[in-house]
$ cat start_32.cif   # mmCIF, N, CA and C atoms and all ligand atoms
data_model
#
loop_
_atom_site.label_atom_id
_atom_site.label_comp_id
_atom_site.auth_asym_id
_atom_site.auth_seq_id
_atom_site.Cartn_x
_atom_site.Cartn_y
_atom_site.Cartn_z
N MET K 294 55.66 -21.95 -37.54
CA MET K 294 54.75 -21.18 -36.70
C MET K 294 53.31 -21.63 -36.91
N GLU K 295 52.55 -21.69 -35.83
CA GLU K 295 51.13 -22.08 -35.92
C GLU K 295 50.27 -20.90 -36.38
N PRO K 296 49.27 -21.14 -37.26
CA PRO K 296 48.34 -20.04 -37.59
C PRO K 296 47.46 -19.72 -36.38
N PRO K 297 47.00 -18.44 -36.25
CA PRO K 297 46.13 -18.13 -35.09
C PRO K 297 44.85 -18.96 -35.14
N SER K 298 44.45 -19.46 -33.99
CA SER K 298 43.28 -20.35 -33.97
C SER K 298 41.99 -19.55 -34.14
N GLY K 299 41.18 -19.94 -35.11
CA GLY K 299 39.89 -19.26 -35.36
C GLY K 299 38.78 -19.98 -34.65
N PRO K 300 37.52 -19.62 -34.98
CA PRO K 300 36.37 -20.31 -34.36
C PRO K 300 36.34 -21.76 -34.83
N PRO K 301 35.81 -22.66 -34.00
CA PRO K 301 35.76 -24.06 -34.40
C PRO K 301 34.92 -24.21 -35.67
N ARG K 302 35.46 -24.96 -36.63
CA ARG K 302 34.77 -25.09 -37.92
C ARG K 302 34.28 -26.51 -38.09
N GLY K 303 32.96 -26.71 -38.08
CA GLY K 303 32.40 -28.02 -38.35
C GLY K 303 32.77 -29.07 -37.33
N GLY K 304 33.44 -28.65 -36.28
CA GLY K 304 33.86 -29.62 -35.27
C GLY K 304 32.96 -29.55 -34.05
N ARG K 305 33.54 -29.90 -32.93
CA ARG K 305 32.76 -29.87 -31.70
C ARG K 305 32.83 -28.49 -31.06
N VAL K 306 31.74 -28.08 -30.44
CA VAL K 306 31.71 -26.80 -29.75
C VAL K 306 32.19 -27.03 -28.33
N PRO K 307 33.15 -26.24 -27.89
CA PRO K 307 33.64 -26.45 -26.52
C PRO K 307 32.51 -26.30 -25.49
N TRP K 308 32.58 -27.10 -24.45
CA TRP K 308 31.53 -27.09 -23.42
C TRP K 308 31.35 -25.72 -22.79
N GLN K 309 32.44 -25.02 -22.62
CA GLN K 309 32.33 -23.69 -21.99
C GLN K 309 31.40 -22.80 -22.80
N GLU K 310 31.51 -22.90 -24.15
CA GLU K 310 30.65 -22.05 -24.99
C GLU K 310 29.20 -22.46 -24.87
N VAL K 311 28.96 -23.78 -24.80
CA VAL K 311 27.58 -24.26 -24.65
C VAL K 311 26.99 -23.73 -23.34
N LEU K 312 27.78 -23.86 -22.27
CA LEU K 312 27.29 -23.42 -20.97
C LEU K 312 27.03 -21.91 -20.97
N LEU K 313 27.90 -21.15 -21.62
CA LEU K 313 27.72 -19.71 -21.70
C LEU K 313 26.44 -19.39 -22.46
N ALA K 314 26.24 -20.10 -23.60
CA ALA K 314 25.05 -19.86 -24.40
C ALA K 314 23.80 -20.16 -23.59
N VAL K 315 23.82 -21.27 -22.85
CA VAL K 315 22.66 -21.65 -22.04
C VAL K 315 22.39 -20.60 -20.97
N SER K 316 23.47 -20.13 -20.34
CA SER K 316 23.24 -19.16 -19.26
C SER K 316 22.75 -17.83 -19.83
N LEU K 317 23.22 -17.48 -21.05
CA LEU K 317 22.72 -16.24 -21.67
C LEU K 317 21.25 -16.39 -22.02
N LEU K 318 20.87 -17.56 -22.55
CA LEU K 318 19.47 -17.80 -22.90
C LEU K 318 18.60 -17.68 -21.66
N THR K 319 19.08 -18.27 -20.57
CA THR K 319 18.33 -18.22 -19.32
C THR K 319 18.17 -16.77 -18.87
N PHE K 320 19.28 -16.03 -19.04
CA PHE K 320 19.26 -14.63 -18.61
C PHE K 320 18.30 -13.80 -19.45
N TRP K 321 18.29 -14.06 -20.77
CA TRP K 321 17.52 -13.20 -21.67
C TRP K 321 16.06 -13.59 -21.81
N SER K 322 15.70 -14.82 -21.43
CA SER K 322 14.30 -15.20 -21.62
C SER K 322 13.43 -14.35 -20.70
N PRO K 323 12.26 -13.92 -21.20
CA PRO K 323 11.41 -13.04 -20.39
C PRO K 323 10.98 -13.74 -19.11
N PRO K 324 10.84 -12.98 -18.02
CA PRO K 324 10.42 -13.61 -16.76
C PRO K 324 9.03 -14.23 -16.92
N THR K 325 8.88 -15.40 -16.36
CA THR K 325 7.56 -16.04 -16.45
C THR K 325 6.70 -15.52 -15.31
N THR K 326 5.69 -14.73 -15.68
CA THR K 326 4.79 -14.18 -14.68
C THR K 326 3.46 -14.92 -14.77
N ALA K 327 2.82 -15.07 -13.64
CA ALA K 327 1.54 -15.76 -13.62
C ALA K 327 0.50 -14.95 -14.39
N GLN K 328 -0.34 -15.65 -15.08
CA GLN K 328 -1.39 -15.04 -15.90
C GLN K 328 -2.44 -14.37 -15.01
N VAL K 329 -2.85 -13.16 -15.39
CA VAL K 329 -3.93 -12.48 -14.68
C VAL K 329 -5.23 -13.24 -14.94
N THR K 330 -5.95 -13.56 -13.87
CA THR K 330 -7.24 -14.23 -14.05
C THR K 330 -8.32 -13.46 -13.30
N VAL K 331 -9.55 -13.65 -13.73
CA VAL K 331 -10.69 -12.97 -13.13
C VAL K 331 -11.66 -14.04 -12.63
N GLU K 332 -12.02 -13.93 -11.35
CA GLU K 332 -12.92 -14.92 -10.75
C GLU K 332 -14.20 -14.23 -10.29
N SER K 333 -15.32 -14.79 -10.67
CA SER K 333 -16.60 -14.25 -10.22
C SER K 333 -16.94 -14.86 -8.86
N VAL K 334 -17.22 -13.99 -7.88
CA VAL K 334 -17.60 -14.44 -6.54
C VAL K 334 -18.96 -13.85 -6.19
N PRO K 335 -20.01 -14.68 -6.05
CA PRO K 335 -20.03 -16.13 -6.29
C PRO K 335 -19.93 -16.45 -7.79
N PRO K 336 -19.68 -17.74 -8.12
CA PRO K 336 -19.50 -18.13 -9.52
C PRO K 336 -20.74 -17.89 -10.37
N SER K 337 -21.92 -18.01 -9.76
CA SER K 337 -23.13 -17.60 -10.47
C SER K 337 -24.02 -16.91 -9.46
N VAL K 338 -24.78 -15.92 -9.92
CA VAL K 338 -25.45 -15.02 -8.99
C VAL K 338 -26.91 -14.81 -9.41
N ALA K 339 -27.76 -14.73 -8.40
CA ALA K 339 -29.19 -14.51 -8.67
C ALA K 339 -29.41 -13.05 -9.06
N GLU K 340 -30.33 -12.84 -9.97
CA GLU K 340 -30.73 -11.51 -10.40
C GLU K 340 -31.05 -10.64 -9.18
N GLY K 341 -30.55 -9.41 -9.19
CA GLY K 341 -30.82 -8.49 -8.09
C GLY K 341 -29.77 -8.52 -7.00
N LYS K 342 -28.92 -9.54 -7.01
CA LYS K 342 -27.86 -9.64 -6.00
C LYS K 342 -26.58 -8.94 -6.47
N ASP K 343 -25.55 -8.99 -5.60
CA ASP K 343 -24.27 -8.36 -5.92
C ASP K 343 -23.24 -9.45 -6.27
N VAL K 344 -22.28 -9.08 -7.07
CA VAL K 344 -21.21 -10.02 -7.43
C VAL K 344 -19.91 -9.24 -7.54
N LEU K 345 -18.81 -9.93 -7.14
CA LEU K 345 -17.49 -9.31 -7.18
C LEU K 345 -16.65 -10.03 -8.23
N LEU K 346 -16.07 -9.26 -9.13
CA LEU K 346 -15.12 -9.85 -10.08
C LEU K 346 -13.72 -9.64 -9.50
N LEU K 347 -13.17 -10.72 -8.95
CA LEU K 347 -11.87 -10.67 -8.28
C LEU K 347 -10.73 -10.84 -9.28
N VAL K 348 -9.70 -10.00 -9.15
CA VAL K 348 -8.55 -10.09 -10.04
C VAL K 348 -7.42 -10.83 -9.30
N HIS K 349 -6.97 -11.93 -9.88
CA HIS K 349 -5.87 -12.70 -9.29
C HIS K 349 -4.59 -12.46 -10.10
N ASN K 350 -3.44 -12.60 -9.41
CA ASN K 350 -2.11 -12.43 -10.02
C ASN K 350 -1.92 -11.02 -10.58
N LEU K 351 -2.45 -10.05 -9.85
CA LEU K 351 -2.25 -8.66 -10.24
C LEU K 351 -0.75 -8.35 -10.26
N PRO K 352 -0.23 -7.72 -11.32
CA PRO K 352 1.19 -7.36 -11.30
C PRO K 352 1.49 -6.41 -10.14
N GLY K 353 2.71 -6.46 -9.65
CA GLY K 353 3.05 -5.67 -8.46
C GLY K 353 3.16 -4.18 -8.69
N ASP K 354 3.20 -3.76 -9.96
CA ASP K 354 3.45 -2.35 -10.24
C ASP K 354 2.38 -1.73 -11.13
N PRO K 355 1.11 -1.85 -10.75
CA PRO K 355 0.07 -1.33 -11.64
C PRO K 355 0.02 0.19 -11.63
N LEU K 356 -0.17 0.75 -12.82
CA LEU K 356 -0.35 2.20 -12.98
C LEU K 356 -1.84 2.49 -13.05
N GLY K 357 -2.56 1.63 -13.74
CA GLY K 357 -4.00 1.84 -13.88
C GLY K 357 -4.70 0.60 -14.42
N TYR K 358 -6.03 0.64 -14.29
CA TYR K 358 -6.86 -0.47 -14.76
C TYR K 358 -7.94 0.06 -15.69
N GLY K 359 -8.39 -0.81 -16.58
CA GLY K 359 -9.60 -0.53 -17.35
C GLY K 359 -10.43 -1.79 -17.38
N TRP K 360 -11.74 -1.65 -17.13
CA TRP K 360 -12.65 -2.80 -17.20
C TRP K 360 -13.53 -2.65 -18.42
N PHE K 361 -13.75 -3.77 -19.11
CA PHE K 361 -14.53 -3.76 -20.35
C PHE K 361 -15.56 -4.89 -20.33
N ARG K 362 -16.72 -4.60 -20.92
CA ARG K 362 -17.66 -5.69 -21.19
C ARG K 362 -17.13 -6.44 -22.40
N GLY K 363 -17.22 -7.78 -22.34
CA GLY K 363 -16.75 -8.60 -23.45
C GLY K 363 -15.36 -9.14 -23.22
N GLU K 364 -14.86 -9.83 -24.23
CA GLU K 364 -13.57 -10.51 -24.09
C GLU K 364 -12.43 -9.71 -24.69
N THR K 365 -12.72 -8.53 -25.22
CA THR K 365 -11.68 -7.73 -25.88
C THR K 365 -11.67 -6.32 -25.30
N ILE K 366 -10.61 -5.59 -25.66
CA ILE K 366 -10.46 -4.21 -25.22
C ILE K 366 -11.13 -3.32 -26.26
N GLU K 367 -12.39 -3.00 -26.01
CA GLU K 367 -13.20 -2.24 -26.95
C GLU K 367 -13.59 -0.93 -26.26
N PRO K 368 -12.99 0.21 -26.69
CA PRO K 368 -13.24 1.47 -25.97
C PRO K 368 -14.72 1.79 -25.76
N SER K 369 -15.57 1.46 -26.74
CA SER K 369 -17.00 1.78 -26.60
C SER K 369 -17.67 0.91 -25.55
N ARG K 370 -17.00 -0.16 -25.10
CA ARG K 370 -17.57 -1.05 -24.10
C ARG K 370 -16.83 -0.93 -22.77
N GLN K 371 -16.13 0.18 -22.58
CA GLN K 371 -15.40 0.37 -21.32
C GLN K 371 -16.36 0.74 -20.19
N ILE K 372 -16.24 0.03 -19.08
CA ILE K 372 -17.09 0.30 -17.91
C ILE K 372 -16.47 1.40 -17.07
N VAL K 373 -15.18 1.26 -16.82
CA VAL K 373 -14.53 2.19 -15.90
C VAL K 373 -13.02 2.15 -16.13
N SER K 374 -12.37 3.26 -15.81
CA SER K 374 -10.91 3.23 -15.75
C SER K 374 -10.49 3.79 -14.39
N TYR K 375 -9.31 3.40 -13.94
CA TYR K 375 -8.86 3.73 -12.60
C TYR K 375 -7.37 4.00 -12.64
N VAL K 376 -6.96 5.14 -12.07
CA VAL K 376 -5.53 5.46 -11.95
C VAL K 376 -5.12 5.18 -10.51
N VAL K 377 -4.19 4.25 -10.32
CA VAL K 377 -3.87 3.75 -8.99
C VAL K 377 -3.32 4.85 -8.07
N ASP K 378 -2.29 5.57 -8.51
CA ASP K 378 -1.65 6.57 -7.63
C ASP K 378 -2.63 7.65 -7.19
N ALA K 379 -3.39 8.17 -8.15
CA ALA K 379 -4.31 9.28 -7.86
C ALA K 379 -5.64 8.77 -7.29
N GLN K 380 -5.85 7.45 -7.35
CA GLN K 380 -7.12 6.84 -6.92
C GLN K 380 -8.31 7.53 -7.60
N VAL K 381 -8.15 7.78 -8.89
CA VAL K 381 -9.21 8.45 -9.65
C VAL K 381 -9.94 7.42 -10.52
N THR K 382 -11.26 7.39 -10.35
CA THR K 382 -12.11 6.50 -11.13
C THR K 382 -12.84 7.31 -12.19
N THR K 383 -12.79 6.84 -13.43
CA THR K 383 -13.51 7.52 -14.51
C THR K 383 -14.46 6.54 -15.17
N PRO K 384 -15.78 6.82 -15.11
CA PRO K 384 -16.73 5.91 -15.75
C PRO K 384 -16.57 5.94 -17.27
N GLY K 385 -16.77 4.79 -17.90
CA GLY K 385 -16.71 4.70 -19.36
C GLY K 385 -18.10 4.62 -19.94
N PRO K 386 -18.20 4.50 -21.29
CA PRO K 386 -19.51 4.48 -21.96
C PRO K 386 -20.40 3.32 -21.50
N ALA K 387 -19.79 2.23 -21.02
CA ALA K 387 -20.60 1.07 -20.63
C ALA K 387 -20.88 1.03 -19.13
N HIS K 388 -20.59 2.14 -18.43
CA HIS K 388 -20.85 2.18 -16.99
C HIS K 388 -22.35 2.29 -16.74
N SER K 389 -22.84 1.61 -15.69
CA SER K 389 -24.29 1.64 -15.45
C SER K 389 -24.61 2.11 -14.03
N ASP K 390 -23.67 2.77 -13.36
CA ASP K 390 -23.86 3.27 -12.00
C ASP K 390 -24.03 2.16 -10.97
N ARG K 391 -23.77 0.91 -11.35
CA ARG K 391 -23.87 -0.20 -10.39
C ARG K 391 -22.50 -0.82 -10.16
N GLU K 392 -21.48 -0.30 -10.83
CA GLU K 392 -20.14 -0.89 -10.76
C GLU K 392 -19.22 0.00 -9.92
N THR K 393 -18.45 -0.66 -9.07
CA THR K 393 -17.46 0.03 -8.24
C THR K 393 -16.12 -0.68 -8.40
N ILE K 394 -15.07 0.08 -8.72
CA ILE K 394 -13.74 -0.55 -8.84
C ILE K 394 -12.96 -0.28 -7.57
N TYR K 395 -12.22 -1.29 -7.11
CA TYR K 395 -11.40 -1.18 -5.90
C TYR K 395 -9.93 -0.96 -6.29
N PRO K 396 -9.13 -0.44 -5.33
CA PRO K 396 -7.71 -0.20 -5.63
C PRO K 396 -6.96 -1.45 -6.07
N ASN K 397 -7.44 -2.64 -5.74
CA ASN K 397 -6.77 -3.87 -6.18
C ASN K 397 -7.33 -4.35 -7.53
N GLY K 398 -8.12 -3.53 -8.18
CA GLY K 398 -8.62 -3.85 -9.52
C GLY K 398 -9.93 -4.59 -9.54
N SER K 399 -10.32 -5.21 -8.41
CA SER K 399 -11.56 -5.97 -8.39
C SER K 399 -12.76 -5.06 -8.63
N LEU K 400 -13.78 -5.61 -9.28
CA LEU K 400 -14.95 -4.82 -9.66
C LEU K 400 -16.19 -5.38 -8.97
N LEU K 401 -16.88 -4.52 -8.22
CA LEU K 401 -18.13 -4.91 -7.55
C LEU K 401 -19.29 -4.48 -8.44
N PHE K 402 -20.17 -5.44 -8.69
CA PHE K 402 -21.40 -5.21 -9.44
C PHE K 402 -22.56 -5.31 -8.48
N GLN K 403 -23.38 -4.27 -8.39
CA GLN K 403 -24.54 -4.35 -7.51
C GLN K 403 -25.81 -4.51 -8.34
N ASN K 404 -26.82 -5.12 -7.70
CA ASN K 404 -28.12 -5.27 -8.34
C ASN K 404 -27.98 -5.81 -9.76
N ILE K 405 -27.38 -6.99 -9.84
CA ILE K 405 -27.05 -7.58 -11.14
C ILE K 405 -28.32 -7.91 -11.93
N ASN K 406 -28.20 -7.80 -13.25
CA ASN K 406 -29.33 -8.01 -14.14
C ASN K 406 -29.00 -9.19 -15.07
N LEU K 407 -30.05 -9.88 -15.55
CA LEU K 407 -29.82 -11.01 -16.46
C LEU K 407 -28.96 -10.61 -17.66
N ILE K 408 -29.18 -9.40 -18.16
CA ILE K 408 -28.42 -8.99 -19.36
C ILE K 408 -26.95 -8.72 -19.06
N ASP K 409 -26.56 -8.74 -17.77
CA ASP K 409 -25.14 -8.58 -17.42
C ASP K 409 -24.36 -9.87 -17.62
N THR K 410 -25.08 -10.97 -17.87
CA THR K 410 -24.42 -12.25 -18.15
C THR K 410 -23.42 -12.09 -19.28
N GLY K 411 -22.24 -12.66 -19.10
CA GLY K 411 -21.25 -12.59 -20.19
C GLY K 411 -19.84 -12.46 -19.67
N TYR K 412 -18.96 -12.05 -20.56
CA TYR K 412 -17.53 -11.95 -20.24
C TYR K 412 -17.15 -10.52 -19.91
N TYR K 413 -16.18 -10.41 -19.01
CA TYR K 413 -15.65 -9.11 -18.61
C TYR K 413 -14.13 -9.18 -18.62
N THR K 414 -13.51 -8.11 -19.10
CA THR K 414 -12.06 -8.10 -19.27
C THR K 414 -11.44 -6.92 -18.54
N ILE K 415 -10.39 -7.20 -17.79
CA ILE K 415 -9.63 -6.12 -17.17
C ILE K 415 -8.31 -5.97 -17.93
N GLN K 416 -7.95 -4.73 -18.20
CA GLN K 416 -6.65 -4.42 -18.78
C GLN K 416 -5.86 -3.68 -17.72
N ILE K 417 -4.66 -4.16 -17.44
CA ILE K 417 -3.81 -3.56 -16.41
C ILE K 417 -2.60 -2.94 -17.09
N THR K 418 -2.42 -1.64 -16.89
CA THR K 418 -1.25 -0.96 -17.42
C THR K 418 -0.20 -0.89 -16.32
N LYS K 419 1.00 -1.40 -16.62
CA LYS K 419 2.06 -1.40 -15.62
C LYS K 419 2.92 -0.15 -15.78
N ARG K 420 3.80 0.07 -14.81
CA ARG K 420 4.63 1.27 -14.82
C ARG K 420 5.60 1.32 -16.00
N ASN K 421 5.94 0.15 -16.53
CA ASN K 421 6.80 0.14 -17.72
C ASN K 421 5.96 0.28 -19.00
N LEU K 422 4.67 0.58 -18.80
CA LEU K 422 3.69 0.82 -19.87
C LEU K 422 3.34 -0.44 -20.66
N GLN K 423 3.79 -1.60 -20.18
CA GLN K 423 3.29 -2.84 -20.77
C GLN K 423 1.92 -3.12 -20.20
N VAL K 424 1.12 -3.88 -20.94
CA VAL K 424 -0.23 -4.18 -20.45
C VAL K 424 -0.43 -5.68 -20.28
N ASP K 425 -1.22 -6.01 -19.27
CA ASP K 425 -1.67 -7.37 -19.01
C ASP K 425 -3.18 -7.34 -19.12
N GLN K 426 -3.77 -8.48 -19.43
CA GLN K 426 -5.22 -8.51 -19.35
C GLN K 426 -5.72 -9.88 -18.93
N GLY K 427 -6.92 -9.88 -18.36
CA GLY K 427 -7.54 -11.12 -17.92
C GLY K 427 -9.03 -11.01 -18.13
N THR K 428 -9.65 -12.17 -18.40
CA THR K 428 -11.08 -12.18 -18.69
C THR K 428 -11.78 -13.18 -17.78
N GLY K 429 -12.96 -12.82 -17.32
CA GLY K 429 -13.75 -13.72 -16.49
C GLY K 429 -15.19 -13.72 -16.95
N GLN K 430 -15.90 -14.73 -16.50
CA GLN K 430 -17.29 -14.89 -16.92
C GLN K 430 -18.23 -14.63 -15.76
N LEU K 431 -19.31 -13.93 -16.06
CA LEU K 431 -20.34 -13.63 -15.07
C LEU K 431 -21.61 -14.38 -15.48
N ARG K 432 -22.14 -15.15 -14.53
CA ARG K 432 -23.35 -15.92 -14.84
C ARG K 432 -24.46 -15.45 -13.90
N VAL K 433 -25.56 -15.03 -14.49
CA VAL K 433 -26.70 -14.53 -13.72
C VAL K 433 -27.90 -15.44 -13.98
N PHE K 434 -28.62 -15.80 -12.92
CA PHE K 434 -29.82 -16.61 -13.12
C PHE K 434 -31.02 -15.96 -12.46
N ARG K 435 -32.19 -16.28 -12.98
CA ARG K 435 -33.43 -15.75 -12.42
C ARG K 435 -33.90 -16.69 -11.33
N GLU K 436 -34.24 -16.12 -10.16
CA GLU K 436 -34.68 -16.99 -9.06
C GLU K 436 -36.12 -17.42 -9.23
C1 LIG O 501 -9.96 -6.48 -3.41
O1 LIG O 501 -10.61 -5.59 -2.56
C2 LIG O 501 -11.95 -5.97 -2.24
C3 LIG O 501 -12.55 -4.82 -1.44
O2 LIG O 501 -11.73 -4.42 -0.42
C4 LIG O 501 -11.92 -7.29 -1.49
O3 LIG O 501 -13.24 -7.71 -1.19
C5 LIG O 501 -11.27 -8.35 -2.36
O4 LIG O 501 -11.13 -9.56 -1.66
C6 LIG O 501 -9.89 -7.88 -2.83
N1 LIG O 501 -9.42 -8.81 -3.86
C7 LIG O 501 -8.29 -9.49 -3.76
C8 LIG O 501 -7.97 -10.43 -4.89
O5 LIG O 501 -7.55 -9.37 -2.81
#
$ encode --input "start_32.cif" --output "structure tokens" --more "lines below"
Ligand SMILES: *[C@@H]1O[C@H](CO)[C@@H](O)[C@H](O)[C@H]1NC(C)=O
Amino acid sequence: MEPPSGPPRGGRVPWQEVLLAVSLLTFWSPPTTAQVTVESVPPSVAEGKDVLLLVHNLPGDPLGYGWFRGETIEPSRQIVSYVVDAQVTTPGPAHSDRETIYPNGSLLFQNINLIDTGYYTIQITKRNLQVDQGTGQLRVFRE
């Protein structure tokens, strides 16, 4: 009588198992989503003018946004937060009454000042409560 066949030991792995492993890896790898980016329109702006920080590759299921001065999520530097469903805007400590957030996350800056030069970061909270973020640069020049 033959002994029951166990797992292959030190030998070759059957192709079916390799293919199954590959398909499982493909299945389990996280979906590759495009990185959220922030574009300043125009790319550099004269003092006193308006500028729009456009958000590209916004996830399809946003719950809310937060905009921050700087490259990090620093609560004391929050400009504004926005709840998408309720369309409620809440100014943060770094709000200066010149910023307006749109339902698509983009931020309008009016009457820009030289000291507004720098980086701005949006944090997007999705419905699964995961967060995405993107940072863009604002360049202001004196005319
Ligand atoms: C977001 O909305 C603003 C205001 O309606 C618009 O100007 C801008 O183009 C929109 N941004 C994108 C990325 O669609």
$ residues_near_ligand --input "start_32.cif" --ligand "ligand LIG 501 (chain O)" --cutoff "8 Å" --atoms "only C-alpha atoms and all ligand atoms" --output "NGL selection string"
:K and (345 or 347-349 or 395-399)
$ closest_residue --input "start_32.cif" --among "K:Lys419, K:His388, K:Arg305, K:Arg370" --to "Gly357 of chain K" --atoms "all atoms listed in the file"
K:Lys419
$ atom_distance --input "start_32.cif" --atom1 "atom CA of Ser374 of chain K" --atom2 "atom CA of Ala339 of chain K"
26.4 Å
$ closest_residue --input "start_32.cif" --among "K:Gly411, K:Pro368, K:Gly427, K:Pro307" --to "Pro352 of chain K" --atoms "only C-alpha atoms"
K:Gly427
$ select_by_dssp --input "start_32.cif" --residues "chain K" --states "alpha helix (DSSP H)" --output "list in words"
Trp308, Gln309, Glu310, Val311, Leu312, Leu313, Ala314, Val315, Ser316, Leu317, Leu318, Thr319, Phe320 and Trp321 of chain K
$ atom_distance --input "start_32.cif" --atom1 "atom CA of Thr365 of chain K" --atom2 "atom C of Arg435 of chain K"
28.0 Å
$ atom_distance --input "start_32.cif" --atom1 "atom N of Gln423 of chain K" --atom2 "atom CA of Thr382 of chain K"
20.0 Å
$ closest_residue --input "start_32.cif" --among "K:Ala314, K:Leu407, K:Ala387, K:Leu400" --to "Arg432 of chain K" --atoms "only C-alpha atoms"
K:Leu407
$ closest_residue --input "start_32.cif" --among "K:Ile417, K:Ile394, K:Leu346, K:Leu313" --to "Ser333 of chain K" --atoms "only N, CA and C atoms"
K:Leu346
$ closest_residue --input "start_32.cif" --among "K:Val381, K:Val373, K:Leu356, K:Val338" --to "Leu431 of chain K" --atoms "all atoms listed in the file"
K:Val338
$ select_by_dssp --input "start_32.cif" --residues "chain K" --states "strand (DSSP E or B)" --output "JSON, numbers by chain"
{"K": [330, 331, 332, 333, 334, 337, 338, 339, 344, 345, 346, 347, 348, 349, 355, 356, 357, 358, 359, 360, 361, 362, 371, 372, 373, 374, 375, 376, 381, 382, 383, 384, 392, 393, 394, 400, 401, 402, 411, 412, 413, 414, 415, 416, 417, 418, 419, 424, 425, 426, 427, 428, 429, 430, 431, 432, 433, 434]}
$ closest_residue --input "start_32.cif" --among "K:Ser389, K:Glu436, K:Gln426, K:Glu367" --to "Thr330 of chain K" --atoms "only N, CA and C atoms"
K:Gln426
$ residues_around --input "start_32.cif" --residues "Asp343 of chain K" --least-positions-apart "4" --cutoff "9 Å" --atoms "only C-alpha atoms" --output "PDB file with N, CA and C atoms, in the coordinates of the input"
ATOM      1  N   PRO K 335     -20.010 -14.680  -6.050  1.00  0.00           N
ATOM      2  CA  PRO K 335     -20.030 -16.130  -6.290  1.00  0.00           C
ATOM      3  C   PRO K 335     -19.930 -16.450  -7.790  1.00  0.00           C
ATOM      4  N   VAL K 338     -24.780 -15.920  -9.920  1.00  0.00           N
ATOM      5  CA  VAL K 338     -25.450 -15.020  -8.990  1.00  0.00           C
ATOM      6  C   VAL K 338     -26.910 -14.810  -9.410  1.00  0.00           C
ATOM      7  N   ALA K 339     -27.760 -14.730  -8.400  1.00  0.00           N
ATOM      8  CA  ALA K 339     -29.190 -14.510  -8.670  1.00  0.00           C
ATOM      9  C   ALA K 339     -29.410 -13.050  -9.060  1.00  0.00           C
ATOM     10  N   LEU K 401     -16.880  -4.520  -8.220  1.00  0.00           N
ATOM     11  CA  LEU K 401     -18.130  -4.910  -7.550  1.00  0.00           C
ATOM     12  C   LEU K 401     -19.290  -4.480  -8.440  1.00  0.00           C
ATOM     13  N   PHE K 402     -20.170  -5.440  -8.690  1.00  0.00           N
ATOM     14  CA  PHE K 402     -21.400  -5.210  -9.440  1.00  0.00           C
ATOM     15  C   PHE K 402     -22.560  -5.310  -8.480  1.00  0.00           C
ATOM     16  N   GLN K 403     -23.380  -4.270  -8.390  1.00  0.00           N
ATOM     17  CA  GLN K 403     -24.540  -4.350  -7.510  1.00  0.00           C
ATOM     18  C   GLN K 403     -25.810  -4.510  -8.340  1.00  0.00           C
ATOM     19  N   ASN K 404     -26.820  -5.120  -7.700  1.00  0.00           N
ATOM     20  CA  ASN K 404     -28.120  -5.270  -8.340  1.00  0.00           C
ATOM     21  C   ASN K 404     -27.980  -5.810  -9.760  1.00  0.00           C
ATOM     22  N   ILE K 405     -27.380  -6.990  -9.840  1.00  0.00           N
ATOM     23  CA  ILE K 405     -27.050  -7.580 -11.140  1.00  0.00           C
ATOM     24  C   ILE K 405     -28.320  -7.910 -11.930  1.00  0.00           C
TER      25      ILE K 405
END
